[in-house]
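One file, final_6.txt, carrying compact mmCIF, C-alpha atoms:
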# COMPACT_ATOMS: atom_id res chain seq x y z
CA MET A 1190 -128.22 -127.94 -122.10
CA ARG A 1191 -127.45 -125.25 -119.54
CA VAL A 1192 -126.62 -125.53 -115.84
CA ARG A 1193 -126.15 -122.38 -113.76
CA VAL A 1194 -125.29 -122.08 -110.08
CA GLN A 1195 -125.38 -118.49 -108.90
CA SER A 1196 -126.16 -116.20 -105.97
CA ALA A 1197 -127.78 -113.53 -108.17
CA PRO A 1198 -131.54 -113.58 -108.86
CA PHE A 1199 -132.70 -114.85 -112.25
CA ASP A 1200 -135.56 -113.71 -114.47
CA TYR A 1201 -137.92 -116.70 -114.62
CA GLY A 1202 -140.13 -115.14 -117.31
CA ALA A 1203 -137.20 -114.31 -119.57
CA GLU A 1204 -135.64 -117.74 -119.07
CA CYS A 1205 -138.94 -119.46 -119.92
CA ALA A 1206 -139.47 -117.31 -123.02
CA ARG A 1207 -135.97 -118.10 -124.29
CA PHE A 1208 -136.04 -121.83 -123.52
CA GLY A 1209 -136.76 -124.49 -126.15
CA GLN A 1210 -137.04 -121.99 -129.01
CA GLY A 1211 -136.21 -122.89 -132.57
CA GLY A 1212 -136.51 -126.66 -132.42
CA ARG A 1213 -139.01 -128.08 -134.90
CA ASP A 1214 -139.10 -131.40 -133.05
CA VAL A 1215 -140.17 -129.90 -129.71
CA GLY A 1216 -143.83 -130.42 -128.87
CA ALA A 1217 -143.74 -129.86 -125.11
CA VAL A 1218 -141.94 -127.56 -122.70
CA VAL A 1219 -142.31 -127.95 -118.93
CA THR A 1220 -140.94 -125.33 -116.54
CA PHE A 1221 -140.79 -125.43 -112.75
CA LEU A 1222 -139.99 -122.63 -110.32
CA GLY A 1223 -138.96 -123.32 -106.70
CA VAL A 1224 -139.72 -120.50 -104.23
CA VAL A 1225 -138.63 -119.90 -100.61
CA ARG A 1226 -141.62 -120.88 -98.46
CA ASP A 1227 -142.20 -119.63 -94.91
CA ASP A 1228 -143.92 -122.48 -93.03
CA SER A 1229 -143.60 -120.98 -89.56
CA GLY A 1230 -144.54 -117.42 -90.47
CA ARG A 1231 -141.30 -116.35 -88.76
CA LEU A 1232 -138.70 -117.01 -91.44
CA ALA A 1233 -136.43 -113.98 -91.91
CA ARG A 1234 -134.32 -115.58 -94.62
CA MET A 1235 -132.89 -118.81 -95.91
CA GLU A 1236 -129.17 -119.28 -96.39
CA ILE A 1237 -128.10 -121.85 -98.94
CA GLU A 1238 -124.60 -123.25 -98.76
CA HIS A 1239 -123.13 -125.31 -101.58
CA TYR A 1240 -119.97 -127.13 -102.64
CA PRO A 1241 -118.46 -125.09 -105.49
CA GLY A 1242 -117.18 -127.42 -108.18
CA MET A 1243 -119.10 -130.48 -107.09
CA THR A 1244 -122.45 -128.67 -107.37
CA GLU A 1245 -122.01 -127.90 -111.06
CA LYS A 1246 -120.69 -131.42 -111.76
CA ALA A 1247 -123.50 -133.17 -109.88
CA ILE A 1248 -126.24 -131.12 -111.58
CA THR A 1249 -124.66 -131.62 -115.01
CA THR A 1250 -124.55 -135.39 -114.45
CA ILE A 1251 -128.22 -135.41 -113.40
CA ALA A 1252 -129.24 -133.21 -116.35
CA GLU A 1253 -127.32 -135.40 -118.84
CA GLU A 1254 -129.02 -138.48 -117.44
CA ALA A 1255 -132.45 -136.87 -117.85
CA LYS A 1256 -131.60 -135.73 -121.37
CA ALA A 1257 -130.60 -139.25 -122.44
CA ARG A 1258 -133.42 -141.09 -120.65
CA TRP A 1259 -136.29 -138.91 -121.97
CA GLN A 1260 -134.57 -137.91 -125.23
CA LEU A 1261 -134.93 -134.25 -124.35
CA ALA A 1262 -134.24 -131.59 -126.96
CA ASP A 1263 -133.01 -129.29 -124.20
CA VAL A 1264 -132.62 -128.98 -120.41
CA LEU A 1265 -132.07 -125.94 -118.21
CA VAL A 1266 -131.30 -125.92 -114.48
CA ILE A 1267 -130.65 -122.75 -112.48
CA HIS A 1268 -130.03 -123.04 -108.73
CA ARG A 1269 -129.20 -120.17 -106.39
CA HIS A 1270 -127.10 -120.10 -103.24
CA GLY A 1271 -126.53 -117.48 -100.55
CA ALA A 1272 -129.18 -115.52 -98.63
CA LEU A 1273 -132.78 -115.58 -99.92
CA GLU A 1274 -135.95 -114.10 -98.47
CA PRO A 1275 -139.39 -115.75 -98.36
CA GLY A 1276 -141.05 -115.47 -101.77
CA GLU A 1277 -137.76 -115.32 -103.66
CA ALA A 1278 -137.06 -117.80 -106.45
CA ILE A 1279 -134.49 -120.45 -105.41
CA MET A 1280 -134.28 -122.54 -108.53
CA MET A 1281 -135.84 -123.45 -111.84
CA VAL A 1282 -135.90 -126.42 -114.14
CA ALA A 1283 -137.02 -126.51 -117.78
CA THR A 1284 -137.33 -129.51 -120.08
CA ALA A 1285 -138.16 -129.67 -123.79
CA ALA A 1286 -139.30 -132.90 -125.44
CA ARG A 1287 -141.35 -134.21 -128.35
CA HIS A 1288 -144.25 -135.13 -126.06
CA ARG A 1289 -145.55 -133.84 -122.75
CA VAL A 1290 -145.20 -137.06 -120.74
CA ALA A 1291 -141.43 -137.05 -121.30
CA ALA A 1292 -141.13 -133.35 -120.47
CA PHE A 1293 -143.16 -133.71 -117.23
CA GLU A 1294 -141.40 -136.89 -116.11
CA ALA A 1295 -137.93 -135.51 -116.81
CA ALA A 1296 -138.73 -132.34 -114.83
CA GLU A 1297 -139.94 -134.42 -111.86
CA PHE A 1298 -136.88 -136.64 -112.08
CA LEU A 1299 -134.61 -133.59 -112.06
CA MET A 1300 -136.41 -132.10 -109.06
CA ASP A 1301 -136.25 -135.37 -107.10
CA TYR A 1302 -132.52 -135.71 -107.76
CA LEU A 1303 -131.65 -132.07 -107.12
CA LYS A 1304 -133.33 -132.29 -103.71
CA SER A 1305 -131.10 -135.01 -102.34
CA ARG A 1306 -128.13 -135.47 -104.70
CA ALA A 1307 -126.98 -131.93 -105.47
CA PRO A 1308 -124.70 -130.59 -102.70
CA PHE A 1309 -126.83 -127.76 -101.29
CA TRP A 1310 -127.70 -127.24 -97.62
CA LYS A 1311 -130.49 -124.94 -96.47
CA LYS A 1312 -130.42 -123.04 -93.20
CA GLU A 1313 -133.47 -121.17 -91.92
CA ILE A 1314 -132.85 -117.93 -90.05
CA GLY A 1315 -135.63 -116.71 -87.74
CA PRO A 1316 -136.05 -114.45 -84.71
CA ASP A 1317 -134.93 -117.26 -82.35
CA GLY A 1318 -131.82 -118.20 -84.27
CA ALA A 1319 -130.77 -120.43 -87.12
CA GLU A 1320 -131.52 -124.05 -87.92
CA TRP A 1321 -130.29 -126.39 -90.66
CA VAL A 1322 -133.11 -127.93 -92.67
CA ALA A 1323 -133.06 -131.72 -92.23
CA ALA A 1324 -133.34 -134.02 -95.22
CA LYS A 1325 -136.64 -135.90 -95.31
CA ASP A 1326 -137.08 -139.67 -95.63
CA GLU A 1327 -139.66 -139.11 -98.37
CA ASP A 1328 -136.98 -137.35 -100.46
CA GLU A 1329 -135.09 -140.66 -100.63
CA THR A 1330 -138.33 -142.55 -101.31
CA ALA A 1331 -139.03 -140.16 -104.20
CA LEU A 1332 -135.72 -141.18 -105.80
CA SER A 1333 -136.47 -144.90 -105.66
CA ARG A 1334 -139.29 -144.60 -108.19
CA TRP A 1335 -136.76 -143.65 -110.86
CA SER A 1336 -134.58 -146.71 -110.34
CA PRO A 1337 -134.58 -149.17 -113.25
CA GLU A 1338 -136.43 -151.88 -111.26
CA SER A 1339 -139.47 -149.69 -110.59
CA GLY A 1340 -139.33 -148.41 -114.04
CA MET B 852 -101.42 -134.55 -97.87
CA ILE B 853 -105.12 -134.47 -98.50
CA ASP B 854 -107.61 -131.57 -98.58
CA VAL B 855 -110.52 -132.15 -96.22
CA LEU B 856 -113.64 -130.00 -96.64
CA TYR B 857 -116.61 -129.64 -94.30
CA PHE B 858 -120.06 -128.25 -95.09
CA ALA B 859 -123.17 -127.11 -93.19
CA TRP B 860 -123.33 -128.23 -89.52
CA VAL B 861 -120.24 -130.42 -89.94
CA ARG B 862 -118.29 -127.24 -90.80
CA GLU B 863 -119.83 -125.42 -87.83
CA ARG B 864 -118.95 -128.21 -85.37
CA ILE B 865 -115.38 -128.54 -86.60
CA GLY B 866 -114.93 -124.78 -86.86
CA VAL B 867 -113.15 -124.57 -90.23
CA PRO B 868 -114.41 -124.98 -93.82
CA ARG B 869 -111.30 -126.87 -94.99
CA GLU B 870 -107.87 -128.02 -93.92
CA ARG B 871 -104.90 -129.98 -95.26
CA ILE B 872 -104.23 -133.19 -93.40
CA GLU B 873 -101.26 -135.51 -93.34
CA THR B 874 -102.70 -138.99 -93.11
CA SER B 875 -101.88 -142.58 -93.89
CA ALA B 876 -105.52 -143.68 -93.52
CA ALA B 877 -106.45 -146.38 -96.02
CA THR B 878 -110.17 -145.62 -96.16
CA VAL B 879 -112.60 -142.80 -95.37
CA ALA B 880 -113.67 -144.68 -92.21
CA ASP B 881 -110.02 -144.86 -91.08
CA LEU B 882 -109.61 -141.11 -91.65
CA VAL B 883 -112.74 -140.45 -89.58
CA GLU B 884 -111.31 -142.53 -86.70
CA GLU B 885 -108.03 -140.58 -86.92
CA LEU B 886 -109.86 -137.25 -86.79
CA LYS B 887 -112.14 -138.34 -83.91
CA ALA B 888 -109.07 -139.23 -81.85
CA ARG B 889 -107.56 -135.76 -82.42
CA GLU B 890 -109.97 -133.43 -80.65
CA ASP B 891 -113.48 -133.28 -79.17
CA ARG B 892 -114.81 -131.08 -81.96
CA TYR B 893 -114.09 -133.86 -84.49
CA ALA B 894 -115.58 -136.49 -82.18
CA ALA B 895 -118.73 -134.31 -81.96
CA ALA B 896 -118.98 -133.85 -85.71
CA PHE B 897 -118.39 -137.53 -86.51
CA ALA B 898 -120.36 -139.03 -83.60
CA ASP B 899 -122.89 -140.61 -85.97
CA THR B 900 -121.54 -141.18 -89.46
CA SER B 901 -124.88 -142.64 -90.59
CA ALA B 902 -126.08 -139.01 -90.47
CA LEU B 903 -123.25 -137.94 -92.81
CA ARG B 904 -122.34 -138.20 -96.45
CA VAL B 905 -118.87 -138.23 -97.98
CA ALA B 906 -117.51 -137.24 -101.38
CA LEU B 907 -114.07 -138.13 -102.78
CA ASP B 908 -112.81 -135.73 -105.45
CA GLN B 909 -116.36 -134.35 -105.69
CA GLU B 910 -118.11 -137.70 -106.25
CA LEU B 911 -120.46 -139.15 -103.62
CA THR B 912 -119.17 -142.41 -102.18
CA GLU B 913 -119.25 -144.69 -99.13
CA PHE B 914 -117.26 -144.53 -95.88
CA SER B 915 -115.62 -147.84 -96.83
CA ALA B 916 -114.05 -146.25 -99.96
CA PRO B 917 -110.23 -146.29 -100.26
CA LEU B 918 -108.31 -142.99 -100.09
CA ALA B 919 -105.41 -143.98 -102.38
CA GLY B 920 -104.86 -141.26 -105.00
CA VAL B 921 -107.62 -139.03 -103.62
CA ARG B 922 -106.89 -135.27 -103.43
CA GLU B 923 -110.08 -133.96 -101.84
CA VAL B 924 -112.40 -135.45 -99.22
CA ALA B 925 -115.62 -133.68 -98.23
CA PHE B 926 -117.92 -134.43 -95.29
CA PHE B 927 -121.45 -133.06 -95.04
CA PRO B 928 -124.99 -133.85 -93.88
CA PRO B 929 -127.61 -135.22 -96.31
CA MET B 930 -128.23 -132.63 -99.00
CA THR B 931 -131.27 -130.35 -99.06
CA GLY B 932 -131.36 -128.79 -102.52
CA GLY B 933 -134.30 -127.98 -104.77
What would the structure in this file look like if it were written as structure tokens?
Amino acid sequence: MRVRVQSAPFDYGAECARFGQGGRDVGAVVTFLGVVRDDSGRLARMEIEHYPGMTEKAITTIAEEAKARWQLADVLVIHRHGALEPGEAIMMVATAARHRVAAFEAAEFLMDYLKSRAPFWKKEIGPDGAEWVAAKDEDETALSRWSPESG
Amino acid sequence: MIDVLYFAWVRERIGVPRERIETSAATVADLVEELKAREDRYAAAFADTSALRVALDQELTEFSAPLAGVREVAFFPPMTGG
């Protein structure tokens, strides 16, 4: 399992090629890449603030939970902070499991939790100034489907 | 003494990323009341605590949580990772 929090870009292709290699019990690898999107057409850059120390701990806890719940052979999470331009890669998740359902579900679980439980805050910088991105209600709703009651 | 950290717009409203505070507050909510009484910038940042999250020693918790033994308190808006 690897968790990396960094300001530097990462090489998605190289990370994907390296991930989940060598395990004879791995039948499925799912990878996800998050990219800076420009909804308004006026986004100059996004600035991502984080809480050094807590960020690594929170992601590691989430990744360990996913690993145990879906019996993953491996998990990788890379999340960037600092200034990013539209089109740049923000983060990636990779999961390796025996079967594809587990790999897909674990990747979705990780994404849902990273969105609202990892201490990152996005700020959008445009020609008219800067604005913090507000958390969405549906991000919380997305988490509830992973609670034990809903299964 | 306790380290108090602020992130995102909470940091911007208060004007510093972190500070050391001498407090005898029993809970996070008590600490918030103490800070609000200090200066307007704190009152502005903590006007609506339902819009805020708090972590004690880097673990998310509730505003009712006790502060005994805690070294680091952090206040921030709901997270927007991913």
Check the smallest atom-to-atom distance from each of A:Trp1259, A:Ala1285, A:Met1243, A:Ala1296 to Val905 in chain B using all atoms listed in the file, then report the winner. A:Met1243
Using only C-alpha atoms, I'd like every residue of chain A that has an atom within 6 Å of chain B; please write them out as a list in words.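 Result: Met1243, Leu1303, Lys1304, Ser1305, Pro1308, Phe1309, Trp1310 and Ala1324 of chain A.
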Could you save the residues just selected, with C-alpha atoms, as a PDB file, in the frame of the given file?
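Final output, saved to result08.pdb:
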ATOM      1  CA  MET A1243    -119.100-130.480-107.090  1.00  0.00           C
ATOM      2  CA  LEU A1303    -131.650-132.070-107.120  1.00  0.00           C
ATOM      3  CA  LYS A1304    -133.330-132.290-103.710  1.00  0.00           C
ATOM      4  CA  SER A1305    -131.100-135.010-102.340  1.00  0.00           C
ATOM      5  CA  PRO A1308    -124.700-130.590-102.700  1.00  0.00           C
ATOM      6  CA  PHE A1309    -126.830-127.760-101.290  1.00  0.00           C
ATOM      7  CA  TRP A1310    -127.700-127.240 -97.620  1.00  0.00           C
ATOM      8  CA  ALA A1324    -133.340-134.020 -95.220  1.00  0.00           C
TER       9      ALA A1324
END
Do you know which residues are at most 6 Å from range 876-880 of chain B counting all atoms listed in the file, after dropping those on the same chain fewer than 3 positions away, and could you put them as a CSV table (one decimal) with C-alpha atoms, in the frame of the given file?
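Result file follows (result.csv):
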chain,number,residue,atom,x,y,z
B,883,VAL,CA,-112.7,-140.4,-89.6
B,914,PHE,CA,-117.3,-144.5,-95.9
B,915,SER,CA,-115.6,-147.8,-96.8
B,916,ALA,CA,-114.0,-146.2,-100.0
B,917,PRO,CA,-110.2,-146.3,-100.3
B,918,LEU,CA,-108.3,-143.0,-100.1
What is the CA of Thr1284 in chain A-CA of Leu1332 in chain A distance in Å, reported with one decimal?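 CA of Leu1332 in chain A lies at a distance of 18.5 Å from CA of Thr1284 in chain A.
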Can you measure CA of Val924 in chain B to CA of Lys1311 in chain A for me? One decimal in Å is fine.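 Those two atoms sit 21.1 Å apart.
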Would you mind listing what lies within 9 Å of range 890-893 of chain B as a ChimeraX atom specification, with all atoms listed in the file counted and same-chain residues fewer than 4 positions away left out? /B:861,864-866,883,886,897-898
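Among A:Ala1283, A:Asp1214, A:Lys1312, A:Gly1223, the residue with the shortest atom-to-atom distance to Arg1269 in chain A, counting all atoms listed in the file, is A:Gly1223.
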For each of A:Asp1326, A:Gly1315, A:Arg1334, A:Gln1210, take the minimum atom-to-atom distance to Arg1231 in chain A, counting only C-alpha atoms, then give the residue where this is smallest. A:Gly1315
Nearest to Leu1265 in chain A by atom-to-atom distance, counting all atoms listed in the file, from A:Leu1222, A:Ala1331, A:Glu1320, A:Ala1278: A:Leu1222
Could you list, as a tab-separated table (two decimals) with C-alpha atoms, in the coordinates of the input, every residue within 12 Å of Met852 in chain B, counting all atoms listed in the file and ignoring same-chain residues fewer than 6 positions away?
chain	number	residue	atom	x	y	z
B	870	GLU	CA	-107.87	-128.02	-93.92
B	871	ARG	CA	-104.90	-129.98	-95.26
B	872	ILE	CA	-104.23	-133.19	-93.40
B	873	GLU	CA	-101.26	-135.51	-93.34
B	874	THR	CA	-102.70	-138.99	-93.11
B	875	SER	CA	-101.88	-142.58	-93.89
B	876	ALA	CA	-105.52	-143.68	-93.52
B	918	LEU	CA	-108.31	-142.99	-100.09
B	919	ALA	CA	-105.41	-143.98	-102.38
B	920	GLY	CA	-104.86	-141.26	-105.00
B	921	VAL	CA	-107.62	-139.03	-103.62
B	922	ARG	CA	-106.89	-135.27	-103.43
B	923	GLU	CA	-110.08	-133.96	-101.84
B	924	VAL	CA	-112.40	-135.45	-99.22
Point-to-point distance in Å for CA of Ile1279 in chain A and CA of Arg1207 in chain A: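 Here the two named atoms are 19.1 Å from each other.
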At the level of C-alpha atoms, write range 1226-1275 of chain A to a file as a PDB file, in the first residue's frame, please.
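Output file result-v2.pdb is given in full below:
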ATOM      1  CA  ARG A1226     -11.868  20.830 -14.614  1.00  0.00           C
ATOM      2  CA  ASP A1227     -12.751  24.351 -15.752  1.00  0.00           C
ATOM      3  CA  ASP A1228     -16.554  24.649 -15.480  1.00  0.00           C
ATOM      4  CA  SER A1229     -16.748  28.405 -16.031  1.00  0.00           C
ATOM      5  CA  GLY A1230     -14.235  28.615 -18.871  1.00  0.00           C
ATOM      6  CA  ARG A1231     -12.461  31.293 -16.810  1.00  0.00           C
ATOM      7  CA  LEU A1232     -10.437  29.239 -14.351  1.00  0.00           C
ATOM      8  CA  ALA A1233      -6.810  30.407 -14.249  1.00  0.00           C
ATOM      9  CA  ARG A1234      -5.722  27.874 -11.650  1.00  0.00           C
ATOM     10  CA  MET A1235      -6.807  25.894  -8.637  1.00  0.00           C
ATOM     11  CA  GLU A1236      -4.979  26.153  -5.341  1.00  0.00           C
ATOM     12  CA  ILE A1237      -5.232  23.174  -3.030  1.00  0.00           C
ATOM     13  CA  GLU A1238      -4.485  23.660   0.640  1.00  0.00           C
ATOM     14  CA  HIS A1239      -4.040  20.707   2.986  1.00  0.00           C
ATOM     15  CA  TYR A1240      -3.260  19.834   6.596  1.00  0.00           C
ATOM     16  CA  PRO A1241       0.246  18.321   6.601  1.00  0.00           C
ATOM     17  CA  GLY A1242       0.346  15.356   8.947  1.00  0.00           C
ATOM     18  CA  MET A1243      -3.392  14.820   9.165  1.00  0.00           C
ATOM     19  CA  THR A1244      -3.708  14.436   5.378  1.00  0.00           C
ATOM     20  CA  GLU A1245      -1.342  11.460   5.236  1.00  0.00           C
ATOM     21  CA  LYS A1246      -2.945   9.883   8.327  1.00  0.00           C
ATOM     22  CA  ALA A1247      -6.513  10.325   7.077  1.00  0.00           C
ATOM     23  CA  ILE A1248      -5.736   8.872   3.632  1.00  0.00           C
ATOM     24  CA  THR A1249      -3.822   5.954   5.152  1.00  0.00           C
ATOM     25  CA  THR A1250      -6.775   5.148   7.427  1.00  0.00           C
ATOM     26  CA  ILE A1251      -9.178   5.249   4.452  1.00  0.00           C
ATOM     27  CA  ALA A1252      -6.851   3.113   2.304  1.00  0.00           C
ATOM     28  CA  GLU A1253      -6.393   0.531   5.092  1.00  0.00           C
ATOM     29  CA  GLU A1254     -10.156   0.316   5.505  1.00  0.00           C
ATOM     30  CA  ALA A1255     -10.611  -0.283   1.767  1.00  0.00           C
ATOM     31  CA  LYS A1256      -7.834  -2.873   1.745  1.00  0.00           C
ATOM     32  CA  ALA A1257      -9.445  -4.852   4.578  1.00  0.00           C
ATOM     33  CA  ARG A1258     -13.042  -4.529   3.364  1.00  0.00           C
ATOM     34  CA  TRP A1259     -12.403  -5.625  -0.256  1.00  0.00           C
ATOM     35  CA  GLN A1260      -9.376  -7.831   0.510  1.00  0.00           C
ATOM     36  CA  LEU A1261      -7.242  -5.822  -1.873  1.00  0.00           C
ATOM     37  CA  ALA A1262      -3.820  -7.080  -2.895  1.00  0.00           C
ATOM     38  CA  ASP A1263      -2.639  -3.478  -3.171  1.00  0.00           C
ATOM     39  CA  VAL A1264      -3.807   0.154  -2.967  1.00  0.00           C
ATOM     40  CA  LEU A1265      -2.206   3.346  -4.230  1.00  0.00           C
ATOM     41  CA  VAL A1266      -3.358   6.909  -3.550  1.00  0.00           C
ATOM     42  CA  ILE A1267      -1.519   9.999  -4.815  1.00  0.00           C
ATOM     43  CA  HIS A1268      -2.994  13.442  -4.077  1.00  0.00           C
ATOM     44  CA  ARG A1269      -1.427  16.763  -5.020  1.00  0.00           C
ATOM     45  CA  HIS A1270      -1.603  20.127  -3.293  1.00  0.00           C
ATOM     46  CA  GLY A1271      -0.504  23.624  -4.296  1.00  0.00           C
ATOM     47  CA  ALA A1272      -1.274  25.448  -7.554  1.00  0.00           C
ATOM     48  CA  LEU A1273      -2.678  23.425 -10.481  1.00  0.00           C
ATOM     49  CA  GLU A1274      -3.872  24.526 -13.900  1.00  0.00           C
ATOM     50  CA  PRO A1275      -6.955  23.246 -15.759  1.00  0.00           C
TER      51      PRO A1275
END
